[in-house]
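So the structure is just underneath, and the comments pick up after that.
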Amino acid sequence: MNAKLLLHLAVILAVSSVLFGQSSGIKIGATLPNWKYTADSSASLQAGSLANFTIAAVQEFPLGGVFSIQVEPTYSVRTTTTDIPRSTLAQYAPDSLPPTMPQTLEFEHQITSVEIPVLLKVATGTSGIRAYFFAGPNVRIQLSATTSLKTDTAGVGGSIPLDVKPNARTTIAAADIGAGLEIPLGILSLVADARYTFPLSDMSSLQAFGKRLGTLNSNDIRIFAGIMFRW
């Protein structure tokens, strides 16, 4: 883990400690994004999706019986690639592009965020191995957005950088829905769940040479496994 990830994880665990209640834990998993690109003009770009690591602190507040509220501060990374034709960039470039430039350039965009899902959880029982279902709102704070050119352009030359940047929104409203399984082992339980997360607005726009190309959005499938401690 790098220093930035450790810092964000510390923040998540600190939030969990403040919210300490009857049951708490941690989950790790993967985000499987389904990126969609919407062009502002005639630009036609393909958005690819890459799986990413995610980690969540978990705090559960019983409501009685099979019902509870579960808060899950989550650190997430989402990555996509876009193939941008040279003809599209030429529409936005302030100068002529080098004649030796490839016909298509691949860019990789990465958005890092902290999310706070607040989920209504319904279990199939109050003890033993049990399934559970959950749904609720998810507030996403997007910490950073970066881009990098993946196509080798060494020796291409040119008077301008091949500059494409993401411009991420600071805060996104989203929603989660999913199901899982809990296996009790004394004071702790093993848990695993899968969920569908979808934002209620665009996550980011793409800009080329200071002008907007279009917007990016991602509906995600997420798979988690972890440990819950019952106090």
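To be explicit about the labels: the chains of the structure tokens are called A, B, and onward in the order shown, and within each one the residues are counted from 1, while ligands get numbers from 1 in the order they are shown.
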Name all residues at most 8 Å from Phe133 of chain A (count only C-alpha atoms; drop same-chain ones fewer than 3 positions away) and give them as a ChimeraX atom specification. /A:121-123,177-180
Within 12 Å of Arg130 of chain A, counting only C-alpha atoms, which residues qualify if same-chain residues fewer than 3 places away don't, as a compact mmCIF listing (two decimals) with C-alpha atoms, in the first residue's frame?
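out06.txt was written with the following content:
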# COMPACT_ATOMS: atom_id res chain seq x y z
CA VAL A 66 -33.79 -8.61 11.39
CA VAL A 122 -32.64 -6.86 6.24
CA ALA A 123 -31.41 -10.33 7.31
CA THR A 124 -33.19 -13.66 6.92
CA GLY A 125 -32.78 -14.43 10.64
CA THR A 126 -31.22 -13.25 13.89
CA SER A 127 -28.69 -16.08 14.40
CA PHE A 133 -30.27 -7.73 1.59
CA ALA A 179 -27.20 -8.99 -1.09
CA GLY A 180 -24.77 -11.07 0.95
CA LEU A 181 -24.13 -13.94 3.34
CA GLU A 182 -22.97 -13.93 6.97
CA ILE A 183 -21.34 -16.91 8.73
CA PRO A 184 -20.97 -16.49 12.53
CA SER A 189 -18.55 -13.31 11.53
CA LEU A 190 -17.33 -13.85 8.00
CA VAL A 191 -19.29 -11.80 5.47
CA ALA A 192 -19.39 -11.61 1.70
CA ASP A 193 -21.66 -9.53 -0.48
Counting only C-alpha atoms, which of A:Met228, A:Val71, A:Leu213, A:Ile84 gets nearest to Gln59 of chain A?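 Comparing A:Met228, A:Val71, A:Leu213, A:Ile84 against Gln59 of chain A, the winner is A:Val71.
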Based on the backbone DSSP call, show me all residues of segment 17-175 of chain A assigned strand (DSSP E), as a ChimeraX atom specification. /A:23-39,46-50,52-64,67-71,74-85,104-123,130-149,164-168,171-175
Would you output that residue set with C-alpha atoms, as an mmCIF file, in the first residue's frame?
data_model
loop_
_atom_site.group_PDB
_atom_site.id
_atom_site.type_symbol
_atom_site.label_atom_id
_atom_site.label_comp_id
_atom_site.auth_asym_id
_atom_site.auth_seq_id
_atom_site.Cartn_x
_atom_site.Cartn_y
_atom_site.Cartn_z
ATOM 1 C CA SER A 23 -20.995 -4.413 15.502
ATOM 2 C CA SER A 24 -18.096 -3.239 13.357
ATOM 3 C CA GLY A 25 -15.666 -4.654 10.844
ATOM 4 C CA ILE A 26 -13.765 -4.254 7.618
ATOM 5 C CA LYS A 27 -14.242 -5.445 4.041
ATOM 6 C CA ILE A 28 -11.956 -5.589 1.038
ATOM 7 C CA GLY A 29 -12.974 -6.225 -2.521
ATOM 8 C CA ALA A 30 -13.068 -5.143 -6.124
ATOM 9 C CA THR A 31 -14.991 -2.590 -8.150
ATOM 10 C CA LEU A 32 -16.010 -3.767 -11.625
ATOM 11 C CA PRO A 33 -16.975 -0.510 -13.358
ATOM 12 C CA ASN A 34 -19.138 -0.193 -16.446
ATOM 13 C CA TRP A 35 -18.003 3.117 -17.936
ATOM 14 C CA LYS A 36 -20.108 5.108 -20.367
ATOM 15 C CA TYR A 37 -18.958 8.084 -22.419
ATOM 16 C CA THR A 38 -21.380 10.702 -23.749
ATOM 17 C CA ALA A 39 -19.915 13.006 -26.399
ATOM 18 C CA GLN A 46 -14.762 4.020 -26.724
ATOM 19 C CA ALA A 47 -14.540 3.743 -22.915
ATOM 20 C CA GLY A 48 -12.932 0.607 -21.511
ATOM 21 C CA SER A 49 -13.342 -0.672 -17.935
ATOM 22 C CA LEU A 50 -10.648 -1.980 -15.565
ATOM 23 C CA ASN A 52 -9.989 -1.817 -9.143
ATOM 24 C CA PHE A 53 -9.278 -2.416 -5.454
ATOM 25 C CA THR A 54 -11.657 -1.056 -2.794
ATOM 26 C CA ILE A 55 -11.738 -1.200 1.011
ATOM 27 C CA ALA A 56 -14.492 -0.330 3.497
ATOM 28 C CA ALA A 57 -14.886 0.080 7.243
ATOM 29 C CA VAL A 58 -18.290 -1.183 8.428
ATOM 30 C CA GLN A 59 -20.476 -0.048 11.317
ATOM 31 C CA GLU A 60 -23.848 -1.653 11.982
ATOM 32 C CA PHE A 61 -26.634 -0.203 14.165
ATOM 33 C CA PRO A 62 -29.362 -2.721 15.091
ATOM 34 C CA LEU A 63 -32.955 -1.527 14.766
ATOM 35 C CA GLY A 64 -34.489 -4.645 16.289
ATOM 36 C CA PHE A 67 -33.422 -4.885 10.580
ATOM 37 C CA SER A 68 -30.344 -2.702 10.954
ATOM 38 C CA ILE A 69 -28.627 0.371 9.512
ATOM 39 C CA GLN A 70 -25.158 -0.212 8.103
ATOM 40 C CA VAL A 71 -22.703 2.634 7.417
ATOM 41 C CA THR A 74 -15.274 3.231 1.571
ATOM 42 C CA TYR A 75 -12.055 4.059 -0.256
ATOM 43 C CA SER A 76 -12.405 3.406 -3.993
ATOM 44 C CA VAL A 77 -10.440 3.749 -7.189
ATOM 45 C CA ARG A 78 -12.097 3.625 -10.616
ATOM 46 C CA THR A 79 -10.135 3.390 -13.857
ATOM 47 C CA THR A 80 -11.145 3.662 -17.477
ATOM 48 C CA THR A 81 -9.371 3.882 -20.801
ATOM 49 C CA THR A 82 -10.535 5.895 -23.796
ATOM 50 C CA ASP A 83 -9.392 5.507 -27.388
ATOM 51 C CA ILE A 84 -9.413 8.949 -29.002
ATOM 52 C CA PRO A 85 -9.007 9.185 -32.797
ATOM 53 C CA THR A 104 -5.723 6.515 -32.408
ATOM 54 C CA LEU A 105 -4.394 7.434 -28.966
ATOM 55 C CA GLU A 106 -5.205 5.527 -25.757
ATOM 56 C CA PHE A 107 -5.589 7.502 -22.518
ATOM 57 C CA GLU A 108 -6.105 6.033 -19.026
ATOM 58 C CA HIS A 109 -8.204 8.006 -16.526
ATOM 59 C CA GLN A 110 -8.333 7.261 -12.789
ATOM 60 C CA ILE A 111 -10.736 8.705 -10.213
ATOM 61 C CA THR A 112 -10.114 8.196 -6.482
ATOM 62 C CA SER A 113 -12.922 8.744 -3.990
ATOM 63 C CA VAL A 114 -14.207 8.207 -0.466
ATOM 64 C CA GLU A 115 -17.824 7.064 -0.253
ATOM 65 C CA ILE A 116 -20.299 6.884 2.618
ATOM 66 C CA PRO A 117 -23.152 4.459 1.895
ATOM 67 C CA VAL A 118 -25.954 4.415 4.485
ATOM 68 C CA LEU A 119 -27.776 1.124 3.971
ATOM 69 C CA LEU A 120 -30.992 -0.359 5.323
ATOM 70 C CA LYS A 121 -30.113 -4.023 5.918
ATOM 71 C CA VAL A 122 -32.639 -6.862 6.241
ATOM 72 C CA ALA A 123 -31.410 -10.325 7.312
ATOM 73 C CA ARG A 130 -28.035 -16.007 7.257
ATOM 74 C CA ALA A 131 -28.453 -14.111 4.035
ATOM 75 C CA TYR A 132 -29.054 -10.374 4.006
ATOM 76 C CA PHE A 133 -30.268 -7.731 1.590
ATOM 77 C CA PHE A 134 -29.557 -4.013 1.635
ATOM 78 C CA ALA A 135 -30.198 -0.757 -0.193
ATOM 79 C CA GLY A 136 -29.613 2.921 0.423
ATOM 80 C CA PRO A 137 -28.037 6.213 -0.635
ATOM 81 C CA ASN A 138 -24.336 6.665 -1.191
ATOM 82 C CA VAL A 139 -22.531 10.023 -0.987
ATOM 83 C CA ARG A 140 -19.264 10.000 -2.941
ATOM 84 C CA ILE A 141 -16.494 12.572 -2.371
ATOM 85 C CA GLN A 142 -14.117 12.447 -5.333
ATOM 86 C CA LEU A 143 -10.588 13.154 -4.123
ATOM 87 C CA SER A 144 -8.615 13.200 -7.359
ATOM 88 C CA ALA A 145 -8.778 12.596 -11.088
ATOM 89 C CA THR A 146 -5.692 11.889 -13.178
ATOM 90 C CA THR A 147 -4.971 10.947 -16.762
ATOM 91 C CA SER A 148 -2.004 9.440 -18.602
ATOM 92 C CA LEU A 149 -1.221 8.784 -22.243
ATOM 93 C CA VAL A 164 -6.484 15.205 -22.384
ATOM 94 C CA LYS A 165 -7.656 15.707 -18.791
ATOM 95 C CA PRO A 166 -10.578 14.542 -16.638
ATOM 96 C CA ASN A 167 -12.511 17.176 -14.696
ATOM 97 C CA ALA A 168 -14.236 15.272 -11.885
ATOM 98 C CA THR A 171 -19.431 15.304 -4.787
ATOM 99 C CA ILE A 172 -21.691 12.671 -6.373
ATOM 100 C CA ALA A 173 -25.010 11.326 -5.100
ATOM 101 C CA ALA A 174 -25.384 7.603 -5.776
ATOM 102 C CA ALA A 175 -27.331 4.541 -4.618
#
